[in-house]
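Novice: Here it is, the structure, as C-alpha cells.
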Amino acid sequence: YQRRVHGDSVHHITQMMKLLLLVSLCCLSYAFGANYAVLVAGSNGFYNYRHQADACHAYQSLRKLGMPAANIITMMYDDIANDPSNPFPGKIFNKPTASGAAGVDVYVGCEIDYKGVDVTPAKFLAVLTGDAKTAGGRVLATTSNDHVFINFVDHGAPGLIAFPSDELLAADLLKALQTMHDKNMYGKLTFYLEACESGSMFEGILPTNISIYATTAANADESSYGTYCPPQDSVDGTELGTCLGDLYSVSWMENLDGKGAKETLAEQFQVVQNLTDQSHVMQYGTLDFINEIVGDFEGNEKSIAVEASAASPVSSTHIDSRDIKLHILYFNYLRVSRKQDARASAMAQSLLHAELDHRQKVDRLFALFPNMVLGNMDVDVFNSPSPANIMECGDCCKRSARVLRECGVMDDYGLKYYKAVVNTCHYALQKPDAVVAAAEKICKLY
C-alpha cells in the first residue's frame with residue numbers, strides 16, 4: 001500500500017512538472033509575441049516606379065525571413081505594374097540585370113491591402129492605431145508583447161511625407177505613434193523612412209522613452225537619392241526608363257537579403273550608412289535595443305538560421321530625388337533621338353522642355369511667396385525649419401500645402417520649397433489665412 005501511494009505521488013509530481021513546464025513554455029512564447037509589419041509606398045505614376053518596387057521588395061524580404069503574410073499590411077497605389085510605359089507588363093523589378101539574366105520580379109506574390117484612393121494618411125494612421133472603422137480594412141491588432149516594423153517610402157519635405165493626393169505632417173505621425181504606445185500596441189517598434197529631409201520627421205520630435213527606433217534615408221535638410229537610374233535601368237537587356245529603387249531602401253533590403261537578418265540593428269545601420277553615400281542616414285528615438293538582431297523585427301526569429309548569399313553589387317547611377325523626373329526625361333530624349341524617330345524625338349524634347357519650364361516657374365514663384373505674407377520682415381524663410389516650427393505649423397501648413405499641390409506647384413520638385421511654407425506660417429502665426437491666400441495667388445500666377 002505504501003509502495004502504491006509512493007508511486008502515485010511520483011506520478012502526480014511528474015505530471016505536475018510537465019504541466020508547469022508546458023505553462024512556462026506557453027508564457028515564454030507569449031512574452032516574445034510575434035513580428036508585424038506595415039509597408040507603405042506613398043506615390044503613384046511611372047516616374048515614381050522605384051517607391052512601389054521598394055515596397056514590394058520589402059514585402060518579399062520579410063516573407064522570405066518567415067514573417068507570415070497575415071502579419072504584413074501593405075499600402076501602395078498599384079498602378080505601375082500595368083502602366084503602359086512598363087515594358088514588362090504585370091512585373092516590377094527593384095534591381096537591374098545584364099542582358100541574358102532574368103530579373104527578380106518583386107511584384108509576384110506581393111499582397112496589397114490598400115490600393116488607389118485608399119492610400120491616404122488617414123487610413124495609414126488608422127492602420128497603425130488599430131482603427132478598423134476608419135481604415136476600412138486590415139489594421140494592426142498587436143499587443144505589448146509584439147514587435148512592429150514600419151517602412152514608408154515616398155517624397156518628403158521638412159516635417160512632411162507625401163501621399164498620392166494628400167500629405168502627412170510630423171505632428172500627426174507622432175500622435176499616432178504615441179497612441180500606439182499608450183494602447184500597448186507594441187513592445188518595440190522600428191521605423192525605416194525613405195524620403196527627402198526624412199530626418200525632420202523625427203529630429204527633436206520623436207521621444208527616446210517610448211521604445212521606437214527610427215532610421216531615415218537623409219537628415220533633416222537634404223534630399224534622399226534614387227538608384228538604379230538610367231543608364232543603369234535595364235533588366236535582361238530591356239530599358240525601363242525610370243529609376244528602379246531608392247539608395248537607402250535598396251541598401252537595407254539587399255543587406256537584409258544577404259546576411260542582414262543575423263546582424264544587429266546597429267550593425268545593419270552602419271552598413272546602410274556606409275552604402276548610402278549621397279545622403280546622411282540617421283537614427284532617432286530609443287537606442288537601447290539596437291544590439292538585438294534584425295531578424296527579431298524584420299522576419300521570424302525562428303527562421304533566420306539559414307543565411308542567404310549576399311547579392312553581388314551593381315554599379316549604379318544615384319540621382320537626387322528632386323531631379324529624377326528631369327533625369328528620366330533627359331535620358332528618354334537621348335534614347336529616342338538615337339532611334340532617328342523624328343516624331344517621337346520631338347515629343348520627348350517637348351516633355352523635357354516643359355519640365356525645365358515648370359522648374360523655372362516654381363523657382364520664381366517661391367521667391368515671391370514670403371513677401372506676399374511677411375512684407376519686408378528681415379527673416380530667411382528658406383532655412384531649414386526648427387522642430388518647434390514644424391510641430392506648431394498644423395492647419396496653416398496643411399491648407400497651404402493642399403492648395404499648392406492641387407495646382408501643380410508643389411510636386412516632387414516643388415517640395416524643396418515647402419520649408420518656406422513652414423517658416424512663413426511660423427512668422428505669420430496669427431494670420432494663417434494670409435499664408436493660404438498667398439499660396440492661392442502663387443497658383444494663379446502659375
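Letters for chains follow the order of the C-alpha cells (A, B, ...), residue numbers begin at 1 for each chain, and ligand numbers begin at 1 in the order shown.
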Just the residues within 10 Å of stretch 411-423 of chain A, please, counting only C-alpha atoms, with nothing from its chain fewer than 6 positions along; format it as a PyMOL selection string.
Specialist: chain A and resi 43+48+154-162+196-197+221-223+321-326+355+358-359+361-363+366-367+369-370+379-386+389-394+396-398+400-401+404-405+429+435-436+439
Novice: So how many Å separate atom CA of A:Tyr107 and atom CA of A:Gly226, to one decimal?
Specialist: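 Interatomic distance, atom CA of A:Tyr107 to atom CA of A:Gly226: 19.1 Å.
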Novice: Pick the closest to A:Ala41 from A:Ile92, A:Leu193, A:Leu65, A:Ala171: which is it, counting only C-alpha atoms?
Specialist: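 Smallest distance to A:Ala41 is found for A:Leu193.
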Novice: Give me, please, the distance in Å between atom CA of A:Cys56 and atom CA of A:Cys110, quoted to one decimal.
Specialist: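 Atom-to-atom, atom CA of A:Cys56 and atom CA of A:Cys110 are spaced 5.7 Å apart.
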Novice: Taking into account only C-alpha atoms, which residue in the set A:Gln273, A:Ser337, A:Gln60, A:Asn35 is nearest to A:Lys188?
Specialist: A:Asn35
Novice: Tell me, which residues of stretch 121-160 of chain A carry DSSP strand (DSSP E), written as a PyMOL selection string?
Specialist: chain A and resi 147-153+156-157+160
Novice: As a VMD selection string, please: the residues near A:Gln52 (cut-off 12 Å, only C-alpha atoms, same-chain neighbours under 5 positions excluded).
Specialist: chain A and resid 39 to 47 57 to 59 74 to 81 91 to 94 106 to 107 110 112 115 151 to 154 243 to 246 249
Novice: Going by DSSP on the backbone, which residues of stretch 250-287 of chain A come out as helix (DSSP H, G or I)? List them as a PyMOL selection string.
Specialist: chain A and resi 250-257+260-262+265-275
Novice: Which one of A:Ser279, A:Thr238, A:Ser144, A:Gln268 sits closest to A:Ala195 if you count only C-alpha atoms?
Specialist: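 That would be A:Ser279, the residue with the smallest distance to A:Ala195.
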Novice: I'd like to know which of A:Arg402, A:Arg338, A:Lys123, A:Lys133 is closest to A:Ala176, using only C-alpha atoms.
Specialist: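 Of A:Arg402, A:Arg338, A:Lys123, A:Lys133, the one nearest A:Ala176, counting only C-alpha atoms, is A:Lys123.
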